[in-house]
file work.cif (mmCIF, C-alpha atoms and all ligand atoms)
data_model
loop_
_atom_site.group_PDB
_atom_site.id
_atom_site.type_symbol
_atom_site.label_atom_id
_atom_site.label_comp_id
_atom_site.auth_asym_id
_atom_site.auth_seq_id
_atom_site.Cartn_x
_atom_site.Cartn_y
_atom_site.Cartn_z
ATOM 1 C CA MET T 1 -11.958 21.912 -2.488
ATOM 2 C CA LYS T 2 -10.083 19.130 -0.640
ATOM 3 C CA ASP T 3 -10.997 16.282 -2.963
ATOM 4 C CA LYS T 4 -7.656 15.055 -4.295
ATOM 5 C CA ILE T 5 -5.601 12.071 -3.182
ATOM 6 C CA LEU T 6 -1.815 12.231 -3.230
ATOM 7 C CA THR T 7 0.265 9.074 -3.108
ATOM 8 C CA VAL T 8 3.996 9.564 -2.803
ATOM 9 C CA GLY T 9 5.853 6.336 -3.282
ATOM 10 C CA SER T 10 7.524 3.764 -5.456
ATOM 11 C CA LEU T 11 7.090 2.776 -9.061
ATOM 12 C CA ASN T 12 8.604 -0.616 -9.923
ATOM 13 C CA TYR T 13 8.850 -2.643 -13.084
ATOM 14 C CA ASP T 14 7.621 -6.012 -11.775
ATOM 15 C CA ILE T 15 8.999 -9.247 -13.200
ATOM 16 C CA PHE T 16 6.810 -12.237 -12.297
ATOM 17 C CA LEU T 17 8.103 -15.793 -12.227
ATOM 18 C CA THR T 18 5.525 -18.492 -11.598
ATOM 19 C CA VAL T 19 6.833 -21.552 -9.767
ATOM 20 C CA SER T 20 5.340 -24.792 -8.427
ATOM 21 C CA ARG T 21 7.192 -24.232 -5.117
ATOM 22 C CA PHE T 22 9.657 -21.686 -3.780
ATOM 23 C CA PRO T 23 13.332 -22.627 -4.369
ATOM 24 C CA GLU T 24 15.454 -23.844 -1.451
ATOM 25 C CA GLU T 25 18.549 -21.931 -0.404
ATOM 26 C CA GLY T 26 21.348 -22.662 -2.899
ATOM 27 C CA GLU T 27 18.939 -24.212 -5.408
ATOM 28 C CA SER T 28 18.528 -23.121 -9.045
ATOM 29 C CA MET T 29 15.112 -23.907 -10.362
ATOM 30 C CA ILE T 30 13.149 -23.433 -13.548
ATOM 31 C CA ALA T 31 10.146 -21.090 -13.528
ATOM 32 C CA GLU T 32 6.999 -22.210 -15.322
ATOM 33 C CA GLU T 33 6.085 -18.796 -16.726
ATOM 34 C CA ALA T 34 7.298 -15.201 -16.735
ATOM 35 C CA SER T 35 5.386 -11.970 -17.141
ATOM 36 C CA PHE T 36 5.982 -8.272 -16.566
ATOM 37 C CA SER T 37 3.790 -5.508 -15.246
ATOM 38 C CA SER T 38 3.605 -2.083 -13.701
ATOM 39 C CA GLY T 39 4.015 -2.214 -9.912
ATOM 40 C CA GLY T 40 5.550 -0.582 -6.869
ATOM 41 C CA LYS T 41 3.572 -0.014 -3.686
ATOM 42 C CA GLY T 42 3.080 3.705 -4.307
ATOM 43 C CA ALA T 43 1.907 3.236 -7.875
ATOM 44 C CA ASN T 44 -0.326 0.275 -6.962
ATOM 45 C CA GLN T 45 -2.109 2.169 -4.191
ATOM 46 C CA ALA T 46 -2.567 5.184 -6.458
ATOM 47 C CA VAL T 47 -4.001 3.017 -9.233
ATOM 48 C CA GLN T 48 -6.498 1.297 -6.920
ATOM 49 C CA ALA T 49 -7.801 4.633 -5.629
ATOM 50 C CA ALA T 50 -8.057 5.962 -9.195
ATOM 51 C CA ARG T 51 -9.781 2.779 -10.479
ATOM 52 C CA LEU T 52 -12.495 3.470 -7.888
ATOM 53 C CA GLY T 53 -12.989 6.981 -9.253
ATOM 54 C CA LEU T 54 -10.925 9.236 -6.993
ATOM 55 C CA GLU T 55 -8.805 12.053 -8.412
ATOM 56 C CA VAL T 56 -5.312 10.745 -7.705
ATOM 57 C CA TYR T 57 -1.832 12.219 -8.049
ATOM 58 C CA LEU T 58 1.226 9.983 -7.831
ATOM 59 C CA ALA T 59 4.566 11.557 -6.928
ATOM 60 C CA GLY T 60 7.790 9.574 -6.977
ATOM 61 C CA ALA T 61 10.753 8.934 -9.224
ATOM 62 C CA VAL T 62 11.652 6.756 -12.181
ATOM 63 C CA GLY T 63 14.846 6.454 -14.191
ATOM 64 C CA LYS T 64 15.327 7.982 -17.624
ATOM 65 C CA ASP T 65 14.842 4.563 -19.210
ATOM 66 C CA GLY T 66 12.273 2.465 -21.020
ATOM 67 C CA ASN T 67 10.898 0.966 -17.805
ATOM 68 C CA GLY T 68 10.325 4.431 -16.341
ATOM 69 C CA LYS T 69 8.482 5.544 -19.470
ATOM 70 C CA TYR T 70 6.368 2.380 -19.427
ATOM 71 C CA LEU T 71 5.440 2.796 -15.743
ATOM 72 C CA LYS T 72 4.437 6.433 -16.139
ATOM 73 C CA GLU T 73 2.355 5.643 -19.205
ATOM 74 C CA THR T 74 0.698 2.685 -17.517
ATOM 75 C CA VAL T 75 -0.401 4.531 -14.385
ATOM 76 C CA ALA T 76 -1.522 7.497 -16.509
ATOM 77 C CA GLY T 77 -3.657 4.983 -18.429
ATOM 78 C CA TYR T 78 -5.489 4.326 -15.129
ATOM 79 C CA ASN T 79 -6.204 8.070 -14.799
ATOM 80 C CA VAL T 80 -3.473 8.713 -12.253
ATOM 81 C CA ASN T 81 -1.895 12.158 -12.622
ATOM 82 C CA THR T 82 1.865 11.686 -13.213
ATOM 83 C CA ALA T 83 2.908 15.372 -13.359
ATOM 84 C CA TYR T 84 4.925 15.072 -10.128
ATOM 85 C CA ILE T 85 6.975 12.006 -11.014
ATOM 86 C CA ALA T 86 10.638 13.002 -11.243
ATOM 87 C CA GLU T 87 13.119 11.444 -13.696
ATOM 88 C CA LYS T 88 16.504 10.497 -12.272
ATOM 89 C CA ASP T 89 19.859 9.370 -13.655
ATOM 90 C CA VAL T 90 19.522 5.967 -11.976
ATOM 91 C CA PRO T 91 17.589 2.940 -13.208
ATOM 92 C CA THR T 92 13.882 2.623 -12.513
ATOM 93 C CA GLY T 93 12.969 0.465 -9.499
ATOM 94 C CA LEU T 94 12.458 -3.255 -10.087
ATOM 95 C CA GLY T 95 10.300 -5.813 -8.331
ATOM 96 C CA VAL T 96 11.131 -9.501 -8.749
ATOM 97 C CA VAL T 97 8.020 -11.423 -7.775
ATOM 98 C CA THR T 98 8.140 -15.193 -7.382
ATOM 99 C CA THR T 99 4.559 -16.475 -7.376
ATOM 100 C CA ARG T 100 3.637 -19.971 -6.230
ATOM 101 C CA ARG T 101 0.662 -21.734 -7.820
ATOM 102 C CA ASP T 102 -1.528 -21.049 -4.756
ATOM 103 C CA GLY T 103 -0.948 -17.296 -5.132
ATOM 104 C CA ALA T 104 1.656 -16.952 -2.359
ATOM 105 C CA VAL T 105 4.444 -14.542 -3.303
ATOM 106 C CA LYS T 106 8.003 -13.637 -2.360
ATOM 107 C CA ILE T 107 9.085 -10.202 -3.571
ATOM 108 C CA THR T 108 12.564 -8.703 -3.841
ATOM 109 C CA VAL T 109 12.842 -5.051 -4.763
ATOM 110 C CA LEU T 110 15.663 -3.046 -6.337
ATOM 111 C CA LYS T 111 15.469 0.450 -4.855
ATOM 112 C CA GLY T 112 16.506 2.229 -8.062
ATOM 113 C CA ALA T 113 15.153 5.708 -8.731
ATOM 114 C CA ASN T 114 12.631 5.415 -5.872
ATOM 115 C CA PHE T 115 15.454 6.002 -3.428
ATOM 116 C CA ALA T 116 16.874 8.915 -5.425
ATOM 117 C CA LEU T 117 13.809 10.968 -4.497
ATOM 118 C CA GLU T 118 14.970 14.164 -2.757
ATOM 119 C CA LYS T 119 13.294 16.777 -0.598
ATOM 120 C CA ALA T 120 13.595 19.279 -3.470
ATOM 121 C CA ASP T 121 11.336 16.991 -5.544
ATOM 122 C CA LEU T 122 8.576 17.539 -2.998
ATOM 123 C CA GLU T 123 8.439 21.318 -3.299
ATOM 124 C CA PRO T 124 6.226 21.371 -6.448
ATOM 125 C CA LEU T 125 3.628 19.384 -4.483
ATOM 126 C CA ARG T 126 2.771 22.580 -2.619
ATOM 127 C CA GLU T 127 0.704 23.515 -5.719
ATOM 128 C CA ILE T 128 -1.795 20.737 -5.052
ATOM 129 C CA LEU T 129 -1.468 20.112 -1.311
ATOM 130 C CA PRO T 130 -4.182 22.651 -0.383
ATOM 131 C CA GLU T 131 -6.607 20.441 -2.350
ATOM 132 C CA VAL T 132 -5.403 17.094 -0.988
ATOM 133 C CA SER T 133 -7.682 15.355 1.520
ATOM 134 C CA TRP T 134 -5.643 12.148 1.993
ATOM 135 C CA MET T 135 -1.951 11.537 1.481
ATOM 136 C CA ILE T 136 -0.914 7.890 1.130
ATOM 137 C CA LEU T 137 2.658 6.910 2.031
ATOM 138 C CA GLN T 138 4.681 3.697 2.148
ATOM 139 C CA MET T 139 8.329 2.956 2.908
ATOM 140 C CA GLU T 140 9.682 2.107 -0.536
ATOM 141 C CA ILE T 141 11.236 5.586 -0.664
ATOM 142 C CA PRO T 142 13.806 7.137 1.720
ATOM 143 C CA THR T 143 12.378 7.442 5.233
ATOM 144 C CA GLU T 144 13.526 11.082 5.472
ATOM 145 C CA ILE T 145 11.232 11.809 2.521
ATOM 146 C CA ASP T 146 8.324 10.185 4.338
ATOM 147 C CA GLU T 147 9.163 12.255 7.410
ATOM 148 C CA ALA T 148 9.221 15.468 5.361
ATOM 149 C CA LEU T 149 5.899 14.527 3.769
ATOM 150 C CA LEU T 150 4.266 13.918 7.152
ATOM 151 C CA ASP T 151 5.250 17.464 8.101
ATOM 152 C CA MET T 152 3.977 18.866 4.805
ATOM 153 C CA ALA T 153 0.690 17.021 5.282
ATOM 154 C CA ALA T 154 0.260 18.661 8.693
ATOM 155 C CA GLU T 155 1.039 22.068 7.184
ATOM 156 C CA TYR T 156 -1.746 21.667 4.617
ATOM 157 C CA ASP T 157 -4.197 19.820 6.867
ATOM 158 C CA CYS T 158 -4.103 16.597 4.837
ATOM 159 C CA LYS T 159 -4.874 13.297 6.538
ATOM 160 C CA VAL T 160 -2.245 10.581 6.130
ATOM 161 C CA VAL T 161 -2.343 6.818 5.742
ATOM 162 C CA LEU T 162 1.128 5.403 6.356
ATOM 163 C CA ASN T 163 1.700 1.855 5.143
ATOM 164 C CA ALA T 164 4.808 0.592 6.936
ATOM 165 C CA ALA T 165 5.932 -1.516 3.988
ATOM 166 C CA PRO T 166 8.607 -2.632 3.557
ATOM 167 C CA PRO T 167 9.433 -2.032 7.232
ATOM 168 C CA ALA T 168 12.357 0.258 7.956
ATOM 169 C CA PRO T 169 13.676 2.133 10.978
ATOM 170 C CA PHE T 170 11.217 4.958 11.605
ATOM 171 C CA SER T 171 10.824 6.961 14.790
ATOM 172 C CA ASP T 172 7.738 6.660 16.967
ATOM 173 C CA GLU T 173 7.489 10.447 16.731
ATOM 174 C CA ALA T 174 7.200 10.227 12.929
ATOM 175 C CA PHE T 175 4.656 7.387 13.108
ATOM 176 C CA ARG T 176 2.547 9.536 15.432
ATOM 177 C CA LYS T 177 2.128 12.141 12.694
ATOM 178 C CA ALA T 178 0.062 9.715 10.583
ATOM 179 C CA ASP T 179 -3.698 9.414 11.064
ATOM 180 C CA ILE T 180 -3.821 5.735 10.145
ATOM 181 C CA THR T 181 -0.970 3.225 10.117
ATOM 182 C CA VAL T 182 -1.280 -0.037 8.209
ATOM 183 C CA PHE T 183 0.855 -3.142 8.757
ATOM 184 C CA ASN T 184 0.829 -6.781 7.728
ATOM 185 C CA GLU T 185 1.976 -9.539 10.117
ATOM 186 C CA THR T 186 5.616 -9.299 9.028
ATOM 187 C CA GLU T 187 5.652 -5.542 9.458
ATOM 188 C CA ALA T 188 3.959 -5.849 12.864
ATOM 189 C CA LEU T 189 6.682 -8.325 13.863
ATOM 190 C CA TYR T 190 9.364 -5.820 12.815
ATOM 191 C CA TYR T 191 7.977 -3.012 14.961
ATOM 192 C CA LEU T 192 6.658 -5.063 17.894
ATOM 193 C CA GLY T 193 9.110 -7.943 18.168
ATOM 194 C CA TYR T 194 6.352 -10.575 17.914
ATOM 195 C CA ARG T 195 4.299 -11.892 15.025
ATOM 196 C CA PRO T 196 0.543 -11.864 15.647
ATOM 197 C CA GLU T 197 -0.431 -15.466 14.842
ATOM 198 C CA THR T 198 -3.931 -15.685 16.323
ATOM 199 C CA ARG T 199 -6.886 -13.274 16.350
ATOM 200 C CA GLU T 200 -6.236 -12.491 20.021
ATOM 201 C CA GLU T 201 -2.568 -11.768 19.284
ATOM 202 C CA ALA T 202 -3.613 -9.552 16.386
ATOM 203 C CA TYR T 203 -5.897 -7.606 18.731
ATOM 204 C CA GLN T 204 -3.047 -7.275 21.203
ATOM 205 C CA ALA T 205 -0.750 -6.069 18.406
ATOM 206 C CA LEU T 206 -3.332 -3.428 17.443
ATOM 207 C CA ARG T 207 -3.457 -2.182 21.022
ATOM 208 C CA ASP T 208 0.333 -2.138 21.328
ATOM 209 C CA LEU T 209 0.744 -0.231 18.065
ATOM 210 C CA ARG T 210 -2.070 2.174 18.875
ATOM 211 C CA ASP T 211 -0.687 2.880 22.342
ATOM 212 C CA ARG T 212 2.735 3.550 20.860
ATOM 213 C CA PHE T 213 1.791 5.550 17.754
ATOM 214 C CA HIS T 214 -1.449 7.158 18.994
ATOM 215 C CA ASN T 215 -3.323 6.686 15.720
ATOM 216 C CA ASP T 216 -5.859 4.385 14.053
ATOM 217 C CA VAL T 217 -4.214 1.046 13.267
ATOM 218 C CA VAL T 218 -4.969 -1.651 10.709
ATOM 219 C CA ILE T 219 -3.238 -5.024 10.457
ATOM 220 C CA THR T 220 -3.884 -7.067 7.336
ATOM 221 C CA LEU T 221 -3.640 -10.827 7.840
ATOM 222 C CA GLY T 222 -3.777 -12.162 4.268
ATOM 223 C CA LYS T 223 -6.269 -15.020 3.915
ATOM 224 C CA ASP T 224 -7.194 -14.540 7.606
ATOM 225 C CA GLY T 225 -8.676 -11.096 6.923
ATOM 226 C CA ALA T 226 -7.769 -7.910 8.757
ATOM 227 C CA VAL T 227 -8.188 -6.260 12.140
ATOM 228 C CA CYS T 228 -8.472 -2.584 12.957
ATOM 229 C CA LEU T 229 -8.666 -0.336 15.970
ATOM 230 C CA GLU T 230 -9.562 3.330 15.999
ATOM 231 C CA LYS T 231 -7.442 5.656 18.102
ATOM 232 C CA ASN T 232 -10.178 6.269 20.663
ATOM 233 C CA ALA T 233 -12.050 2.969 20.448
ATOM 234 C CA ASP T 234 -12.181 0.380 23.221
ATOM 235 C CA GLU T 235 -12.684 -2.682 21.060
ATOM 236 C CA PRO T 236 -10.886 -3.782 17.909
ATOM 237 C CA ALA T 237 -12.836 -5.030 14.900
ATOM 238 C CA PHE T 238 -12.240 -8.120 12.769
ATOM 239 C CA ILE T 239 -12.843 -8.084 9.022
ATOM 240 C CA PRO T 240 -12.929 -11.552 7.452
ATOM 241 C CA ALA T 241 -11.300 -12.091 4.059
ATOM 242 C CA LEU T 242 -13.643 -13.097 1.270
ATOM 243 C CA PRO T 243 -13.258 -16.752 0.285
ATOM 244 C CA MET T 244 -11.711 -16.236 -3.155
ATOM 245 C CA LYS T 245 -9.272 -18.557 -4.899
ATOM 246 C CA ALA T 246 -5.964 -16.710 -5.084
ATOM 247 C CA VAL T 247 -3.986 -16.743 -8.316
ATOM 248 C CA ASP T 248 -1.412 -14.111 -7.336
ATOM 249 C CA THR T 249 -1.583 -12.078 -4.126
ATOM 250 C CA THR T 250 0.821 -9.356 -5.348
ATOM 251 C CA GLY T 251 -0.696 -5.956 -4.653
ATOM 252 C CA ALA T 252 -3.467 -7.299 -2.388
ATOM 253 C CA GLY T 253 -2.291 -5.047 0.455
ATOM 254 C CA ASP T 254 -1.991 -2.092 -1.919
ATOM 255 C CA SER T 255 -5.478 -2.698 -3.248
ATOM 256 C CA PHE T 256 -6.714 -2.803 0.368
ATOM 257 C CA ILE T 257 -5.208 0.619 1.078
ATOM 258 C CA GLY T 258 -6.544 2.236 -2.100
ATOM 259 C CA GLY T 259 -9.981 0.798 -1.316
ATOM 260 C CA MET T 260 -9.844 1.856 2.322
ATOM 261 C CA VAL T 261 -9.016 5.450 1.385
ATOM 262 C CA TYR T 262 -11.815 5.476 -1.180
ATOM 263 C CA ALA T 263 -14.342 4.365 1.447
ATOM 264 C CA LEU T 264 -13.024 6.867 4.007
ATOM 265 C CA THR T 265 -13.493 9.707 1.507
ATOM 266 C CA LYS T 266 -17.115 8.558 1.162
ATOM 267 C CA GLY T 267 -17.653 8.978 4.913
ATOM 268 C CA LYS T 268 -17.337 5.366 6.079
ATOM 269 C CA ASP T 269 -15.767 4.667 9.469
ATOM 270 C CA LEU T 270 -12.535 2.680 9.676
ATOM 271 C CA GLU T 271 -14.153 -0.723 10.155
ATOM 272 C CA GLU T 272 -16.541 -0.276 7.253
ATOM 273 C CA ALA T 273 -13.757 1.163 5.098
ATOM 274 C CA CYS T 274 -11.701 -1.973 5.825
ATOM 275 C CA ARG T 275 -14.685 -4.133 4.853
ATOM 276 C CA PHE T 276 -14.876 -2.361 1.485
ATOM 277 C CA ALA T 277 -11.085 -2.590 1.178
ATOM 278 C CA SER T 278 -11.171 -6.361 1.652
ATOM 279 C CA CYS T 279 -13.568 -6.586 -1.313
ATOM 280 C CA CYS T 280 -10.977 -4.766 -3.436
ATOM 281 C CA SER T 281 -8.202 -7.157 -2.350
ATOM 282 C CA ALA T 282 -10.460 -10.130 -3.036
ATOM 283 C CA VAL T 283 -10.696 -9.103 -6.687
ATOM 284 C CA THR T 284 -7.013 -8.235 -6.998
ATOM 285 C CA ILE T 285 -5.796 -11.683 -5.908
ATOM 286 C CA GLN T 286 -7.782 -13.375 -8.648
ATOM 287 C CA GLY T 287 -5.454 -12.281 -11.445
ATOM 288 C CA TYR T 288 -1.726 -12.035 -12.142
ATOM 289 C CA GLY T 289 -0.074 -8.679 -11.526
ATOM 290 C CA ALA T 290 -1.038 -5.890 -9.165
ATOM 291 C CA GLN T 291 -2.537 -2.906 -10.992
ATOM 292 C CA VAL T 292 -3.927 -4.911 -13.869
ATOM 293 C CA SER T 293 -6.082 -7.044 -11.522
ATOM 294 C CA MET T 294 -7.496 -4.238 -9.382
ATOM 295 C CA PRO T 295 -11.271 -3.713 -9.397
ATOM 296 C CA ASP T 296 -13.168 -0.694 -10.586
ATOM 297 C CA LEU T 297 -16.001 0.699 -8.449
ATOM 298 C CA GLU T 298 -18.668 -1.511 -9.998
ATOM 299 C CA GLN T 299 -16.707 -4.710 -9.307
ATOM 300 C CA ALA T 300 -15.831 -3.706 -5.743
ATOM 301 C CA GLU T 301 -19.369 -2.606 -4.923
ATOM 302 C CA ALA T 302 -20.861 -5.796 -6.359
ATOM 303 C CA LEU T 303 -18.891 -7.777 -3.755
ATOM 304 C CA TYR T 304 -19.458 -5.269 -0.945
ATOM 305 C CA LYS T 305 -23.238 -5.394 -1.419
ATOM 306 C CA LYS T 306 -23.190 -9.167 -0.958
ATOM 307 C CA LEU T 307 -21.478 -8.997 2.475
HETATM 308 O O1 LIG B 401 3.021 -4.627 -2.877
HETATM 309 C C1 LIG B 401 3.388 -5.229 -4.086
HETATM 310 C C2 LIG B 401 4.523 -4.469 -4.700
HETATM 311 O O2 LIG B 401 5.647 -4.587 -3.850
HETATM 312 C C3 LIG B 401 4.990 -4.976 -6.030
HETATM 313 O O3 LIG B 401 4.326 -4.346 -7.094
HETATM 314 C C4 LIG B 401 6.495 -4.726 -5.992
HETATM 315 O O4 LIG B 401 6.945 -3.837 -6.955
HETATM 316 C C5 LIG B 401 6.783 -4.243 -4.586
HETATM 317 O O5 LIG B 401 6.843 -2.866 -4.524
#
call {"tool": "encode", "arguments": {"input": "work.cif", "output": "structure tokens"}}
result
Amino acid sequence: MKDKILTVGSLNYDIFLTVSRFPEEGESMIAEEASFSSGGKGANQAVQAARLGLEVYLAGAVGKDGNGKYLKETVAGYNVNTAYIAEKDVPTGLGVVTTRRDGAVKITVLKGANFALEKADLEPLREILPEVSWMILQMEIPTEIDEALLDMAAEYDCKVVLNAAPPAPFSDEAFRKADITVFNETEALYYLGYRPETREEAYQALRDLRDRFHNDVVITLGKDGAVCLEKNADEPAFIPALPMKAVDTTGAGDSFIGGMVYALTKGKDLEEACRFASCCSAVTIQGYGAQVSMPDLEQAEALYKKL
């Protein structure tokens, strides 16, 4: 039965520094607080899908160090299957997250073991691929691994959500192999050469990306919501963000993707899946850390029912 979700992506040990404002170039400044948590776009998206009740496998790589052990144990604690996470002789990936008091974040990532992932590490996935309905990919691993995974997904008839984050050179041909591509404004700017600032520009960006990559496209716009356009649709749809007070927006986009995939597996169309996804993000931004703030099904549905 095709009822499993496979996320292949990064696991990062996130270090959070809370600041009253972001430092200027050349400035040293004192953080108000520090905290640590399990992160990485791949792991975050896997955790959100698992928190909602899906059967989720996370494949990726960590180092043979304490951080790697902690990350594997943490995601396993959220019911994510970690059997396909490789251990490498390089340090585990790191995320340094500077969080401003209004929830805005700036994130710097150390590639670490995530970028030591090799094609040979993907071979064991063939055991579960026949049962995978959706594969979820991001770009915090080598792009040639993403390319290989897009081909494997086609071989096993798995649908793919490709989150172009962080943006990296990737061929149009490879993008076209995904069923859904997801961008934020910065990622849209990278691939299109312009940043969608208004709703109309966001709609135009959807059309430009769809015409180029020939798939369903979603652009998340932070506090301004999200827009989406199905491959064969004439009109884009706008999904407003819920008016929640943000504490830390880390992982909001990851929560959106995990939530979107959950809703798609339950038969919702893209627009409705994005509406459910925005409820997941709305919960996630209300607490510090990514995985630790993500909603379970009851929390997400409580918000969704009120829309
Ligand atoms: O999307 C948020 C994530 O980006 C953080 O957890 C950090 O590790 C980086 O991967």
call {"tool": "closest_residue", "arguments": {"input": "work.cif", "among": "T:Leu150, T:Val283, T:Cys274, T:Val182", "to": "Ile239 (chain T)", "atoms": "only C-alpha atoms"}}
result
T:Cys274
call {"tool": "resolve_selection", "arguments": {"input": "work.cif", "expression": "the PyMOL selection byres (((not hetatm)) within 9 of (chain B and resi 401))", "output": "MDAnalysis selection string"}}
result
chainID T and resid 10:15 37:45 93:97 107:110 140 165:166 249:255 289:291
call {"tool": "atom_distance", "arguments": {"input": "work.cif", "atom1": "CA of Leu229 (chain T)", "atom2": "CA of Asp208 (chain T)"}}
result
10.6 Å
call {"tool": "atom_distance", "arguments": {"input": "work.cif", "atom1": "CA of Glu32 (chain T)", "atom2": "CA of Lys72 (chain T)"}}
result
28.8 Å
call {"tool": "residues_near_point", "arguments": {"input": "work.cif", "point": "(10.1, 8.0, -8.8)", "cutoff": "9 Å", "atoms": "only C-alpha atoms", "output": "list of chain:residue names"}}
result
T:Val8, T:Gly9, T:Ser10, T:Leu11, T:Asn12, T:Ala59, T:Gly60, T:Ala61, T:Val62, T:Gly63, T:Gly68, T:Tyr84, T:Ile85, T:Ala86, T:Glu87, T:Lys88, T:Thr92, T:Gly93, T:Gly112, T:Ala113, T:Asn114, T:Phe115, T:Ala116, T:Leu117, T:Ile141
call {"tool": "closest_residue", "arguments": {"input": "work.cif", "among": "T:Lys119, T:Arg275, T:His214, T:Lys266", "to": "Lys177 (chain T)", "atoms": "all atoms listed in the file"}}
result
T:His214
call {"tool": "resolve_selection", "arguments": {"input": "work.cif", "expression": "the PyMOL selection byres (((chain T and resi 295) around 10) and not hetatm)", "output": "list in words"}}
result
Val47, Gln48, Ala49, Arg51, Leu52, Ser255, Gly259, Cys279, Cys280, Ser281, Ala282, Val283, Thr284, Gln291, Val292, Ser293, Met294, Asp296, Leu297, Glu298, Gln299, Ala300 and Glu301 of chain T
call {"tool": "closest_residue", "arguments": {"input": "work.cif", "among": "T:Ser278, T:Thr143, T:Gln138, T:Thr198", "to": "Phe183 (chain T)", "atoms": "all atoms listed in the file"}}
result
T:Gln138
call {"tool": "resolve_selection", "arguments": {"input": "work.cif", "expression": "the PyMOL selection byres (((chain T and resi 234) around 12) and not hetatm)", "output": "ChimeraX atom specification"}}
result
/T:203,206-207,210-211,216,228-233,235-237
call {"tool": "write_last_selection", "arguments": {"input": "work.cif", "atoms": "C-alpha atoms", "output": "mmCIF file, in the coordinates of the input"}}
result
data_model
loop_
_atom_site.group_PDB
_atom_site.id
_atom_site.type_symbol
_atom_site.label_atom_id
_atom_site.label_comp_id
_atom_site.auth_asym_id
_atom_site.auth_seq_id
_atom_site.Cartn_x
_atom_site.Cartn_y
_atom_site.Cartn_z
ATOM 1 C CA TYR T 203 -5.897 -7.606 18.731
ATOM 2 C CA LEU T 206 -3.332 -3.428 17.443
ATOM 3 C CA ARG T 207 -3.457 -2.182 21.022
ATOM 4 C CA ARG T 210 -2.070 2.174 18.875
ATOM 5 C CA ASP T 211 -0.687 2.880 22.342
ATOM 6 C CA ASP T 216 -5.859 4.385 14.053
ATOM 7 C CA CYS T 228 -8.472 -2.584 12.957
ATOM 8 C CA LEU T 229 -8.666 -0.336 15.970
ATOM 9 C CA GLU T 230 -9.562 3.330 15.999
ATOM 10 C CA LYS T 231 -7.442 5.656 18.102
ATOM 11 C CA ASN T 232 -10.178 6.269 20.663
ATOM 12 C CA ALA T 233 -12.050 2.969 20.448
ATOM 13 C CA GLU T 235 -12.684 -2.682 21.060
ATOM 14 C CA PRO T 236 -10.886 -3.782 17.909
ATOM 15 C CA ALA T 237 -12.836 -5.030 14.900
#
call {"tool": "decode", "arguments": {"input": "work.cif", "residues": "region 190-230 of chain T", "atoms": "C-alpha atoms", "output": "short mmCIF file (atom, residue, chain, number, x, y, z; two decimals), in the first residue's frame"}}
result
data_model
loop_
_atom_site.label_atom_id
_atom_site.label_comp_id
_atom_site.auth_asym_id
_atom_site.auth_seq_id
_atom_site.Cartn_x
_atom_site.Cartn_y
_atom_site.Cartn_z
CA TYR T 190 16.75 33.60 -6.95
CA TYR T 191 15.07 31.64 -9.74
CA LEU T 192 13.12 34.46 -11.39
CA GLY T 193 15.35 37.50 -10.96
CA TYR T 194 12.60 39.53 -9.26
CA ARG T 195 11.12 39.46 -5.78
CA PRO T 196 7.31 39.24 -5.72
CA GLU T 197 6.38 42.16 -3.45
CA THR T 198 2.65 42.52 -4.11
CA ARG T 199 -0.15 39.97 -4.56
CA GLU T 200 -0.22 40.67 -8.30
CA GLU T 201 3.55 40.14 -8.53
CA ALA T 202 3.19 36.91 -6.57
CA TYR T 203 0.56 35.72 -9.05
CA GLN T 204 2.87 36.64 -11.91
CA ALA T 205 5.72 34.76 -10.21
CA LEU T 206 3.49 31.68 -9.91
CA ARG T 207 2.70 31.83 -13.62
CA ASP T 208 6.35 32.32 -14.55
CA LEU T 209 7.48 29.41 -12.39
CA ARG T 210 4.66 27.17 -13.56
CA ASP T 211 5.35 27.94 -17.22
CA ARG T 212 9.02 27.16 -16.71
CA PHE T 213 8.79 24.07 -14.49
CA HIS T 214 5.43 22.68 -15.68
CA ASN T 215 4.23 21.70 -12.20
CA ASP T 216 1.99 22.94 -9.38
CA VAL T 217 3.63 25.91 -7.67
CA VAL T 218 3.30 27.38 -4.19
CA ILE T 219 4.91 30.60 -2.97
CA THR T 220 4.82 31.27 0.76
CA LEU T 221 4.82 34.95 1.69
CA GLY T 222 5.34 34.86 5.47
CA LYS T 223 2.86 37.09 7.30
CA ASP T 224 1.24 37.90 3.92
CA GLY T 225 0.06 34.30 3.48
CA ALA T 226 0.70 32.13 0.45
CA VAL T 227 -0.32 31.81 -3.18
CA CYS T 228 -0.62 28.68 -5.28
CA LEU T 229 -1.32 27.69 -8.84
CA GLU T 230 -2.06 24.21 -10.12
#
